[in-house]
Structure formats: structure tokens, C-alpha cells
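Asker: Structure below; questions to follow.
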Amino acid sequence: MAVLDCAVLGLASVFSYWLVAHGLARVHSVSRTDDTLGGLWAVIATAFVCRVSYHETTTAAVSRMTATSVSFGLCLIYLIFLPFHVWALAVLIAFSALVVMLIGRPGDAVTAAITTAVVMIVAAVSPHEAWQQPILRFADTAVGVAVGVAAAWVGVRVIRAVARPPSGKQDDHAG
């Protein structure tokens, strides 16, 4: 069953990359490089949420979107008014981790910090209209999470069908 889980993850990752790097890029594109970065970010979100059980997947999806939402809000507010600065990076990483802890999700602090780091550093690399980066990375993440959840839902059903006992009874322990 591990081979099927990994195949689902691989296919879902390619699909989320394609959706963002080619599909979302048709809606709004900053640059070809940014479209590719968006595809990467969608793949990361897909890999983050696509787990062996649907329950684990939905739990990971909530975690990823909570952390991304906090990071999105903080980075957008900052980047609307100010350009990237290394000290702002430090403050926003610390603040994003603190916010998710204060809202009762301490396990999401690392994800919020990583998301903030990516958004801010991409804003440093692409300083022209850097305020767009939180919006773009939020969209990339949402696509990746949605693909990961859908892939896990399909994957669990395929694995159940393959692993179904000969008597036709389903295994009550499957995710």
C-alpha cells in the first residue's frame, strides 16, 4: 500500500504544480520565475497535507491554511507599506509564530514561520510590487492544499478497493 500512497502523492504534486504554474499563471502572472515558484509552493502544500488517512490529511490541511492565513495577513500588511528588510523578516517570523500560539495552535508556529520566511524572501528577490507575494503564495497554498485533500480522498478509496478482503467486507481500520 505504501507504493500506492507514494504514487498518489507524486501524481497530486505534479497536478498541483501544473495547476499553479500554468493555470493560475494565466489568471495573474508576475513573471515566469514567479509562476514556477508558485508551482513549487503548491507542491510543498500538497506534500504537507497528503497523508495516509483522510482524517490526517484534513487535520494537516487546517494546520497549513491556518499558518498560511496568519502569515498572509501579517506579510500583506507589512509589504503594502514597507519593502523587505532583514529585521522585518525576523520580527514577522517571530510575530507569526506568536500569533498562531496565541490562537491556540502552537503546532502551527513552525509552518507560519516558514511561510513568512518564504513570502518575505521572495519579496526581497522580487521587490517590484512585493505586496502581491502574500496573495500569490496564499493562492498557491490553497491550490496545493485542495489538491492534496482531493488526492488523499481518492487515494484512500483506491487503496480500500485494492486491499478489500475477499469476502467483500471493508476493513474498519482504513483511514
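Every chain in the C-alpha cells takes a letter, A first, then B, and so on in the order presented; its residues are numbered from 1, and the ligands are numbered from 1 following the presented order.
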Would you list the contacts of Ala150 of chain A as an MDAnalysis selection string, taking every protein, DNA or RNA residue within 12 Å and counting only C-alpha atoms, but skipping same-chain residues closer than 3 positions in sequence?
Answerer: chainID A and resid 8:9 11:13 15:16 46 49:51 53:54 57:58 61 143:147 153:157
Asker: Residues near segment 31-35 of chain A, anyone? I mean within 8 Å using only C-alpha atoms, not counting same-chain ones fewer than 5 positions away, as a ChimeraX atom specification.
Answerer: /A:20-22,25
Asker: For a quick check of understanding, using only C-alpha atoms, which of A:Val99, A:Leu24, A:Ala2, A:Leu136 has the smallest distance to Ala67 of chain A?
Answerer: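 Ranking A:Val99, A:Leu24, A:Ala2, A:Leu136 by distance to Ala67 of chain A, first place goes to A:Val99.
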Asker: Considering only C-alpha atoms, return as an mmCIF file with N, CA and C atoms, in the first residue's frame whatever protein or nucleic-acid residues lie within 12 Å of Arg105 of chain A, sequence-local ones (same chain, fewer than 6 positions apart) excluded.
Answerer:
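The resulting file, selection.cif, is shown below:
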data_model
loop_
_atom_site.group_PDB
_atom_site.id
_atom_site.type_symbol
_atom_site.label_atom_id
_atom_site.label_comp_id
_atom_site.auth_asym_id
_atom_site.auth_seq_id
_atom_site.Cartn_x
_atom_site.Cartn_y
_atom_site.Cartn_z
ATOM 1 N N THR A 59 -6.705 17.267 8.894
ATOM 2 C CA THR A 59 -6.053 17.929 10.034
ATOM 3 C C THR A 59 -4.842 18.732 9.557
ATOM 4 N N VAL A 62 -6.007 21.919 7.653
ATOM 5 C CA VAL A 62 -6.403 23.009 8.551
ATOM 6 C C VAL A 62 -5.157 23.682 9.123
ATOM 7 N N SER A 63 -4.181 22.882 9.514
ATOM 8 C CA SER A 63 -2.933 23.412 10.044
ATOM 9 C C SER A 63 -2.233 24.299 9.018
ATOM 10 N N ARG A 64 -2.117 23.811 7.796
ATOM 11 C CA ARG A 64 -1.415 24.555 6.738
ATOM 12 C C ARG A 64 -2.134 25.846 6.409
ATOM 13 N N MET A 65 -3.445 25.795 6.305
ATOM 14 C CA MET A 65 -4.183 27.007 5.943
ATOM 15 C C MET A 65 -4.229 28.013 7.088
ATOM 16 N N THR A 66 -4.252 27.531 8.331
ATOM 17 C CA THR A 66 -4.202 28.449 9.474
ATOM 18 C C THR A 66 -2.881 29.200 9.481
ATOM 19 N N ALA A 67 -1.800 28.474 9.378
ATOM 20 C CA ALA A 67 -0.472 29.096 9.384
ATOM 21 C C ALA A 67 -0.299 30.036 8.196
ATOM 22 N N VAL A 70 -2.328 33.351 8.711
ATOM 23 C CA VAL A 70 -1.651 34.275 9.633
ATOM 24 C C VAL A 70 -0.481 34.954 8.916
ATOM 25 N N SER A 96 4.501 35.942 13.586
ATOM 26 C CA SER A 96 3.592 34.940 13.007
ATOM 27 C C SER A 96 3.541 33.694 13.891
ATOM 28 N N ALA A 97 4.697 33.295 14.418
ATOM 29 C CA ALA A 97 4.722 32.144 15.332
ATOM 30 C C ALA A 97 3.938 32.457 16.608
ATOM 31 N N LEU A 98 4.108 33.658 17.127
ATOM 32 C CA LEU A 98 3.400 34.070 18.339
ATOM 33 C C LEU A 98 1.882 34.105 18.114
ATOM 34 N N VAL A 99 1.456 34.640 17.000
ATOM 35 C CA VAL A 99 0.016 34.744 16.729
ATOM 36 C C VAL A 99 -0.630 33.362 16.707
ATOM 37 N N THR A 111 5.206 26.182 10.815
ATOM 38 C CA THR A 111 4.681 26.373 9.465
ATOM 39 C C THR A 111 4.439 27.855 9.184
ATOM 40 N N ALA A 112 3.919 28.577 10.144
ATOM 41 C CA ALA A 112 3.720 30.024 9.973
ATOM 42 C C ALA A 112 5.050 30.726 9.773
#
Asker: Using only C-alpha atoms, can you tell me which of A:Val52, A:Met120, A:Val100, A:Ile44 comes closest to Cys75 of chain A?
Answerer: A:Met120
Asker: Point out the residue among A:Ala60, A:Ala123, A:Leu82, A:Ala7 with the least atom-to-atom distance to Gly107 of chain A, counting only C-alpha atoms.
Answerer: A:Ala60
Asker: Could you check which of A:Ala124, A:Ala45, A:Ile159, A:Ala90 is closest to Cys6 of chain A, using only C-alpha atoms?
Answerer: A:Ile159
Asker: By how many Å are atom CA of Glu129 of chain A and atom CA of Ile93 of chain A apart?
Answerer: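 Between atom CA of Glu129 of chain A and atom CA of Ile93 of chain A the gap works out to 20.7 Å.
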Asker: Check the smallest atom-to-atom distance from each of A:Gly38, A:Val91, A:Val110, A:Met101 to Thr141 of chain A using only C-alpha atoms, then report the winner.
Answerer: A:Gly38
Asker: Going by DSSP on the backbone, which residues of segment 72-169 of chain A come out as alpha helix (DSSP H)? List them as an MDAnalysis selection string.
Answerer: chainID A and resid 72:81 86:102 109:125 132:163
Asker: Could you check the closest approach to Ile121 of chain A for each of A:Ala151, A:Val86, A:Ala163, A:Ala139 and tell me which residue wins, using only C-alpha atoms?
Answerer: A:Val86
Asker: Just the residues within 10 Å of Val122 of chain A, please, counting only C-alpha atoms, with nothing from its chain fewer than 5 positions along; format it as a compact mmCIF listing (two decimals) with N, CA and C atoms, in the first residue's frame.
Answerer:
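Once written, result13.txt looks like this:
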# COMPACT_ATOMS: atom_id res chain seq x y z
N ASP A 34 8.32 33.61 -11.13
CA ASP A 34 7.35 33.61 -10.03
C ASP A 34 6.29 32.53 -10.24
N LEU A 37 7.93 29.40 -9.09
CA LEU A 37 7.97 29.42 -7.63
C LEU A 37 6.60 29.10 -7.05
N PHE A 84 11.01 44.90 1.83
CA PHE A 84 11.73 43.88 2.60
C PHE A 84 12.88 44.52 3.37
N THR A 116 6.12 32.67 6.36
CA THR A 116 6.53 34.07 6.44
C THR A 116 7.91 34.26 5.84
N ALA A 117 8.83 33.36 6.13
CA ALA A 117 10.18 33.46 5.57
C ALA A 117 10.14 33.41 4.04
N PRO A 127 11.28 42.76 -5.60
CA PRO A 127 10.76 43.88 -4.82
C PRO A 127 9.69 44.72 -5.53
N ALA A 130 5.97 44.07 -4.30
CA ALA A 130 6.17 42.94 -3.39
C ALA A 130 4.92 42.61 -2.59
N GLN A 133 3.11 39.30 -3.26
CA GLN A 133 3.64 37.99 -2.88
C GLN A 133 2.78 37.25 -1.85
N PRO A 134 2.31 37.89 -0.77
CA PRO A 134 1.45 37.14 0.16
C PRO A 134 0.19 36.61 -0.52
N ARG A 137 1.23 33.65 -2.84
CA ARG A 137 1.61 32.44 -2.09
C ARG A 137 0.40 31.84 -1.36
Asker: For Leu76 of chain A, please output as a PyMOL selection string all residues within 6 Å (counting only C-alpha atoms; exclusion window: fewer than 4 positions along the same chain).
Answerer: chain A and resi 72+80+131+134
